[in-house]
$ cat target_11.cif   # mmCIF, C-alpha atoms
data_work
#
loop_
_atom_site.group_PDB
_atom_site.id
_atom_site.type_symbol
_atom_site.label_atom_id
_atom_site.label_comp_id
_atom_site.auth_asym_id
_atom_site.auth_seq_id
_atom_site.Cartn_x
_atom_site.Cartn_y
_atom_site.Cartn_z
ATOM 1 C CA MET U 1 42.060 38.688 34.537
ATOM 2 C CA HIS U 2 43.017 40.752 31.512
ATOM 3 C CA MET U 3 44.724 37.668 30.061
ATOM 4 C CA VAL U 4 41.526 35.606 30.483
ATOM 5 C CA LYS U 5 39.465 38.265 28.716
ATOM 6 C CA THR U 6 41.957 38.380 25.872
ATOM 7 C CA ILE U 7 41.907 34.601 25.460
ATOM 8 C CA TRP U 8 38.118 34.546 25.568
ATOM 9 C CA ARG U 9 37.954 37.276 22.912
ATOM 10 C CA TRP U 10 39.956 35.050 20.571
ATOM 11 C CA VAL U 11 38.260 31.772 21.458
ATOM 12 C CA ARG U 12 34.599 32.761 21.604
ATOM 13 C CA TRP U 13 34.123 33.277 17.867
ATOM 14 C CA PRO U 14 35.454 29.855 16.810
ATOM 15 C CA LEU U 15 33.328 28.313 19.578
ATOM 16 C CA LEU U 16 30.274 30.200 18.367
ATOM 17 C CA VAL U 17 30.908 29.018 14.811
ATOM 18 C CA LEU U 18 31.182 25.414 16.037
ATOM 19 C CA VAL U 19 27.926 25.703 18.002
ATOM 20 C CA ILE U 20 26.105 27.173 14.997
ATOM 21 C CA ALA U 21 27.537 24.483 12.706
ATOM 22 C CA TYR U 22 26.451 21.728 15.107
ATOM 23 C CA ALA U 23 22.945 23.191 15.403
ATOM 24 C CA ALA U 24 22.693 23.392 11.612
ATOM 25 C CA LEU U 25 23.811 19.764 11.284
ATOM 26 C CA VAL U 26 21.205 18.623 13.803
ATOM 27 C CA ALA U 27 18.495 20.623 12.037
ATOM 28 C CA TYR U 28 19.579 19.128 8.699
ATOM 29 C CA ARG U 29 19.470 15.562 10.045
ATOM 30 C CA ILE U 30 16.043 15.806 11.706
ATOM 31 C CA PRO U 31 14.052 15.531 8.417
ATOM 32 C CA ALA U 32 16.206 12.571 7.295
ATOM 33 C CA VAL U 33 15.633 10.729 10.571
ATOM 34 C CA GLY U 34 11.920 11.518 10.395
ATOM 35 C CA GLU U 35 11.715 10.224 6.812
ATOM 36 C CA LYS U 36 13.498 7.015 7.785
ATOM 37 C CA GLN U 37 11.070 6.395 10.648
ATOM 38 C CA ARG U 38 8.070 7.216 8.471
ATOM 39 C CA THR U 39 9.317 4.734 5.861
ATOM 40 C CA ALA U 40 9.850 1.990 8.452
ATOM 41 C CA ASP U 41 6.380 2.562 9.943
ATOM 42 C CA THR U 42 4.694 2.527 6.531
ATOM 43 C CA VAL U 43 6.518 -0.607 5.367
ATOM 44 C CA ALA U 44 5.488 -2.382 8.580
ATOM 45 C CA ALA U 45 1.868 -1.280 8.094
ATOM 46 C CA ILE U 46 1.841 -2.490 4.473
ATOM 47 C CA GLN U 47 3.283 -5.861 5.478
ATOM 48 C CA ALA U 48 0.749 -6.256 8.289
ATOM 49 C CA GLN U 49 -2.347 -5.457 6.245
ATOM 50 C CA LYS U 50 -4.302 -8.632 5.411
ATOM 51 C CA VAL U 51 -7.745 -9.577 4.197
ATOM 52 C CA THR U 52 -9.691 -11.278 6.985
ATOM 53 C CA MET U 53 -12.312 -14.012 6.978
ATOM 54 C CA ALA U 54 -14.854 -11.378 8.055
ATOM 55 C CA ASP U 55 -13.997 -9.361 4.919
ATOM 56 C CA VAL U 56 -14.442 -12.402 2.696
ATOM 57 C CA MET U 57 -17.721 -13.507 4.254
ATOM 58 C CA GLY U 58 -19.114 -9.957 4.288
ATOM 59 C CA THR U 59 -19.979 -9.805 7.967
ATOM 60 C CA ALA U 60 -19.516 -6.017 8.006
ATOM 61 C CA LEU U 61 -20.220 -4.843 4.485
ATOM 62 C CA PRO U 62 -20.283 -1.040 4.160
ATOM 63 C CA PRO U 63 -23.220 0.993 2.863
ATOM 64 C CA VAL U 64 -23.179 2.120 -0.750
ATOM 65 C CA PRO U 65 -21.022 5.277 -0.802
ATOM 66 C CA TYR U 66 -22.194 8.592 -2.194
ATOM 67 C CA GLU U 67 -20.407 8.623 -5.550
ATOM 68 C CA PRO U 68 -19.388 12.309 -5.785
ATOM 69 C CA GLU U 69 -17.918 12.146 -2.279
ATOM 70 C CA ASN U 70 -16.266 8.791 -2.953
ATOM 71 C CA ASP U 71 -14.634 10.026 -6.155
ATOM 72 C CA ALA U 72 -13.543 13.381 -4.738
ATOM 73 C CA THR U 73 -10.278 11.926 -3.421
ATOM 74 C CA VAL U 74 -7.783 9.272 -4.446
ATOM 75 C CA ALA U 75 -8.449 7.184 -1.329
ATOM 76 C CA GLY U 76 -12.232 7.402 -1.573
ATOM 77 C CA ILE U 77 -14.476 6.086 1.201
ATOM 78 C CA ASP U 78 -13.724 3.078 3.414
ATOM 79 C CA LYS U 79 -16.458 3.138 6.078
ATOM 80 C CA ASN U 80 -15.664 -0.301 7.500
ATOM 81 C CA ASN U 81 -11.961 0.585 7.628
ATOM 82 C CA ASN U 82 -10.637 -2.662 6.152
ATOM 83 C CA GLY U 83 -8.268 -1.149 3.589
ATOM 84 C CA ILE U 84 -10.598 -1.772 0.631
ATOM 85 C CA ARG U 85 -12.536 1.086 -0.916
ATOM 86 C CA ASP U 86 -16.242 0.541 -0.262
ATOM 87 C CA ASP U 87 -17.463 0.748 -3.864
ATOM 88 C CA VAL U 88 -14.818 -1.769 -4.947
ATOM 89 C CA GLU U 89 -15.659 -4.145 -2.109
ATOM 90 C CA LEU U 90 -19.385 -4.020 -2.884
ATOM 91 C CA ALA U 91 -18.792 -4.547 -6.617
ATOM 92 C CA ILE U 92 -16.750 -7.695 -5.936
ATOM 93 C CA PHE U 93 -19.484 -9.077 -3.684
ATOM 94 C CA ALA U 94 -22.125 -8.245 -6.287
ATOM 95 C CA LYS U 95 -20.254 -10.108 -9.021
ATOM 96 C CA TYR U 96 -19.243 -13.154 -6.968
ATOM 97 C CA PRO U 97 -21.954 -13.728 -4.352
ATOM 98 C CA ASN U 98 -21.482 -17.498 -4.583
ATOM 99 C CA SER U 99 -17.698 -17.789 -4.554
ATOM 100 C CA ALA U 100 -15.842 -16.947 -1.349
ATOM 101 C CA LYS U 101 -12.584 -18.066 -2.978
ATOM 102 C CA ILE U 102 -12.782 -15.547 -5.805
ATOM 103 C CA ARG U 103 -13.930 -12.843 -3.394
ATOM 104 C CA ALA U 104 -10.981 -13.570 -1.103
ATOM 105 C CA ALA U 105 -8.465 -13.268 -3.933
ATOM 106 C CA GLU U 106 -10.027 -10.211 -5.548
ATOM 107 C CA LEU U 107 -10.507 -8.384 -2.243
ATOM 108 C CA GLN U 108 -6.858 -9.056 -1.422
ATOM 109 C CA TYR U 109 -5.815 -7.672 -4.811
ATOM 110 C CA ALA U 110 -8.050 -4.619 -4.353
ATOM 111 C CA MET U 111 -6.483 -3.982 -0.961
ATOM 112 C CA ALA U 112 -2.978 -4.267 -2.432
ATOM 113 C CA LEU U 113 -3.764 -1.832 -5.255
ATOM 114 C CA GLN U 114 -5.395 0.619 -2.852
ATOM 115 C CA THR U 115 -2.367 0.457 -0.559
ATOM 116 C CA GLU U 116 0.025 0.969 -3.435
ATOM 117 C CA MET U 117 -1.952 3.958 -4.705
ATOM 118 C CA THR U 118 -2.324 5.707 -1.328
ATOM 119 C CA GLN U 119 0.634 4.766 0.892
ATOM 120 C CA VAL U 120 3.697 4.665 -1.376
ATOM 121 C CA PHE U 121 6.021 7.667 -1.263
ATOM 122 C CA ASN U 122 9.502 6.252 -1.981
ATOM 123 C CA SER U 123 11.211 3.143 -3.335
ATOM 124 C CA ASP U 124 11.176 1.247 -0.026
ATOM 125 C CA THR U 125 7.433 1.674 0.446
ATOM 126 C CA TRP U 126 6.885 0.861 -3.243
ATOM 127 C CA LYS U 127 8.799 -2.401 -2.826
ATOM 128 C CA ALA U 128 6.696 -3.420 0.186
ATOM 129 C CA ALA U 129 3.491 -2.612 -1.712
ATOM 130 C CA ALA U 130 4.698 -4.330 -4.887
ATOM 131 C CA ILE U 131 5.335 -7.572 -3.006
ATOM 132 C CA GLN U 132 1.764 -7.476 -1.683
ATOM 133 C CA ASP U 133 0.532 -6.650 -5.175
ATOM 134 C CA ASP U 134 2.395 -9.641 -6.640
ATOM 135 C CA ARG U 135 1.183 -11.998 -3.895
ATOM 136 C CA SER U 136 -2.397 -10.910 -4.528
ATOM 137 C CA TYR U 137 -2.140 -11.359 -8.291
ATOM 138 C CA GLN U 138 -0.741 -14.855 -7.733
ATOM 139 C CA CYS U 139 -3.602 -15.539 -5.313
ATOM 140 C CA ILE U 140 -6.100 -14.738 -8.064
ATOM 141 C CA GLY U 141 -4.348 -17.423 -10.101
ATOM 142 C CA GLU U 142 -5.050 -19.880 -7.291
ATOM 143 C CA THR U 143 -8.800 -19.540 -7.945
ATOM 144 C CA TYR U 144 -8.631 -21.326 -11.300
ATOM 145 C CA PRO U 145 -7.193 -24.765 -12.149
ATOM 146 C CA ARG U 146 -4.039 -24.979 -14.269
ATOM 147 C CA THR U 147 -5.186 -27.933 -16.332
ATOM 148 C CA ASP U 148 -5.449 -25.685 -19.402
ATOM 149 C CA LEU U 149 -2.606 -23.158 -19.257
ATOM 150 C CA GLN U 150 -4.028 -20.800 -21.867
ATOM 151 C CA GLU U 151 -7.395 -20.675 -20.139
ATOM 152 C CA PHE U 152 -5.697 -20.273 -16.756
ATOM 153 C CA ILE U 153 -3.768 -17.208 -17.968
ATOM 154 C CA LYS U 154 -6.873 -15.790 -19.650
ATOM 155 C CA ILE U 155 -9.042 -16.115 -16.529
ATOM 156 C CA THR U 156 -6.319 -14.840 -14.165
ATOM 157 C CA ASP U 157 -5.732 -11.772 -16.321
ATOM 158 C CA ALA U 158 -9.466 -11.129 -16.698
ATOM 159 C CA ARG U 159 -10.083 -11.274 -12.942
ATOM 160 C CA SER U 160 -7.105 -9.079 -12.112
ATOM 161 C CA ASN U 161 -8.095 -6.587 -14.821
ATOM 162 C CA GLU U 162 -11.634 -6.289 -13.494
ATOM 163 C CA VAL U 163 -10.261 -5.366 -10.058
ATOM 164 C CA GLU U 164 -7.872 -2.833 -11.580
ATOM 165 C CA LYS U 165 -10.746 -1.191 -13.475
ATOM 166 C CA LEU U 166 -12.708 -0.892 -10.236
ATOM 167 C CA VAL U 167 -9.780 0.605 -8.296
ATOM 168 C CA TYR U 168 -8.504 2.974 -11.021
ATOM 169 C CA ASN U 169 -11.935 4.285 -11.982
ATOM 170 C CA THR U 170 -11.149 8.016 -12.172
ATOM 171 C CA GLN U 171 -8.431 10.019 -13.892
ATOM 172 C CA MET U 172 -7.212 11.240 -10.519
ATOM 173 C CA ARG U 173 -6.635 7.651 -9.387
ATOM 174 C CA LYS U 174 -4.944 6.726 -12.659
ATOM 175 C CA ASP U 175 -2.644 9.737 -12.226
ATOM 176 C CA ALA U 176 -1.883 8.699 -8.642
ATOM 177 C CA GLN U 177 -0.927 5.218 -9.815
ATOM 178 C CA TYR U 178 1.312 6.694 -12.524
ATOM 179 C CA LYS U 179 3.046 8.851 -9.912
ATOM 180 C CA VAL U 180 3.641 5.774 -7.745
ATOM 181 C CA SER U 181 5.296 4.024 -10.699
ATOM 182 C CA THR U 182 8.148 6.551 -10.573
ATOM 183 C CA PHE U 183 9.397 4.792 -7.406
ATOM 184 C CA THR U 184 9.711 1.436 -9.168
ATOM 185 C CA THR U 185 12.727 -0.628 -8.150
ATOM 186 C CA SER U 186 13.715 -4.293 -8.200
ATOM 187 C CA PHE U 187 12.265 -6.753 -5.702
ATOM 188 C CA GLY U 188 12.049 -10.474 -5.113
ATOM 189 C CA SER U 189 8.695 -12.128 -5.706
ATOM 190 C CA PRO U 190 7.492 -14.653 -3.112
ATOM 191 C CA ASP U 191 7.360 -18.295 -4.250
ATOM 192 C CA THR U 192 4.598 -19.403 -1.888
ATOM 193 C CA ASP U 193 2.094 -18.012 0.626
ATOM 194 C CA PHE U 194 0.235 -15.964 -1.967
ATOM 195 C CA CYS U 195 -3.140 -15.754 -0.261
ATOM 196 C CA ASP U 196 -3.918 -14.080 3.048
ATOM 197 C CA ILE U 197 -6.578 -16.749 3.611
ATOM 198 C CA ASP U 198 -6.163 -20.398 2.705
ATOM 199 C CA LEU U 199 -8.585 -20.796 -0.202
ATOM 200 C CA ASN U 200 -9.063 -24.469 0.658
ATOM 201 C CA SER U 201 -10.626 -23.395 3.936
ATOM 202 C CA LEU U 202 -13.445 -21.630 2.114
ATOM 203 C CA PRO U 203 -16.714 -23.348 1.229
ATOM 204 C CA ASN U 204 -16.885 -22.404 -2.449
#
$ encode --input "target_11.cif" --output "structure tokens"
Amino acid sequence: MHMVKTIWRWVRWPLLVLVIAYAALVAYRIPAVGEKQRTADTVAAIQAQKVTMADVMGTALPPVPYEPENDATVAGIDKNNNGIRDDVELAIFAKYPNSAKIRAAELQYAMALQTEMTQVFNSDTWKAAAIQDDRSYQCIGETYPRTDLQEFIKITDARSNEVEKLVYNTQMRKDAQYKVSTFTTSFGSPDTDFCDIDLNSLPN
């Protein structure tokens, strides 16, 4: 019995050190695992977010938001919960009441910019958002014929710029977009499938 106690006296401290080391390792790894899961979930959500026909046709347009409340946060107000800030959505409808095609492209771009500004927190989420951003910009290009290349570029840039001005309409939002740019990394642009909705399926 004395021998067992002696052995235990010598063994218990190394065992205790091993247990503490293991517990510390587990505690250290938990945030990393959580971050990985959060990234995967956010990337999946970004990839799944699409403009719908209901969005384009305005079947559930939101009320005009109260401006001070809307501009109090980066995300602003999205009462109809479609991923597009309400004031931006209403402004696009006001400017293009007779063109579902332009609305579809600009709403998609607005959604992509909003997502990029509010959901990106590392390079992986930035890449997912940037792909959606690029698709949406290309979709805007699909709203104008390419018969005159200079005019095509001019119109595409003008329409994308007007959406950007609507989305980044406060200094806080401009600062948020600048912060997101720090996660910039390389990515492959899609060659096709730019628009969430086939523009040829729309009446005008």
$ atom_distance --input "target_11.cif" --atom1 "CA of Leu202 in chain U" --atom2 "CA of Gln132 in chain U"
21.1 Å
$ atom_distance --input "target_11.cif" --atom1 "CA of Glu35 in chain U" --atom2 "CA of Ala129 in chain U"
17.5 Å
$ closest_residue --input "target_11.cif" --among "U:Arg103, U:Lys50, U:Arg146, U:Arg38" --to "Thr115 in chain U" --atoms "all atoms listed in the file"
U:Lys50
$ closest_atom_pairs --input "target_11.cif" --of "range 32-86 of chain U" --to "range 168-185 of chain U" --cutoff "8 Å" --atoms "all atoms listed in the file" --output "tab-separated table"
residue	atom	partner	partner_atom	distance
U:Asp71	CA	U:Thr170	CA	7.2
U:Thr73	CA	U:Met172	CA	7.8
U:Val74	CA	U:Arg173	CA	5.3
$ atom_distance --input "target_11.cif" --atom1 "CA of Asp157 in chain U" --atom2 "CA of Met111 in chain U"
17.2 Å
$ residues_near_point --input "target_11.cif" --point "(-1.0, -15.9, -8.2)" --cutoff "12 Å" --atoms "all atoms listed in the file" --output "ChimeraX atom specification"
/U:105-106,108-109,131-146,152-153,155-157,159-160,189-196
$ closest_residue --input "target_11.cif" --among "U:Asn161, U:Glu69, U:Ala48, U:Gly34" --to "Ala128 in chain U" --atoms "only C-alpha atoms"
U:Ala48
$ closest_residue --input "target_11.cif" --among "U:Ile92, U:Tyr66, U:Thr59, U:Ala100" --to "Asn80 in chain U" --atoms "only C-alpha atoms"
U:Thr59
$ closest_residue --input "target_11.cif" --among "U:Trp126, U:Lys101, U:Leu113, U:Ala158" --to "Asn200 in chain U" --atoms "only C-alpha atoms"
U:Lys101
$ residues_around --input "target_11.cif" --residues "Gly83 in chain U" --least-positions-apart "5" --cutoff "12 Å" --atoms "all atoms listed in the file" --output "list in words"
Ala45, Ile46, Ala48, Gln49, Lys50, Val51, Thr52, Asp55, Ala75, Gly76, Ile77, Asp78, Val88, Glu89, Leu107, Gln108, Tyr109, Ala110, Met111, Ala112, Leu113, Gln114, Thr115, Glu116, Met117, Thr118 and Gln119 of chain U
$ closest_residue --input "target_11.cif" --among "U:Ala72, U:Ile197, U:Val64, U:Val43" --to "Ala91 in chain U" --atoms "all atoms listed in the file"
U:Val64
$ residues_around --input "target_11.cif" --residues "Leu90 in chain U" --least-positions-apart "5" --cutoff "9 Å" --atoms "only C-alpha atoms" --output "list in words"
Leu61, Pro62, Pro63, Val64, Arg85 and Lys95 of chain U
$ closest_residue --input "target_11.cif" --among "U:Asp148, U:Asp198, U:Glu162, U:Asp124" --to "Asp41 in chain U" --atoms "all atoms listed in the file"
U:Asp124
$ axis_aligned_box --input "target_11.cif" --around "range 82-89 of chain U" --padding-each-side "3 Å" --output "JSON"
{"center_x": -12.9, "center_y": -1.5, "center_z": 0.6, "size_x": 15.2, "size_y": 11.2, "size_z": 17.1}
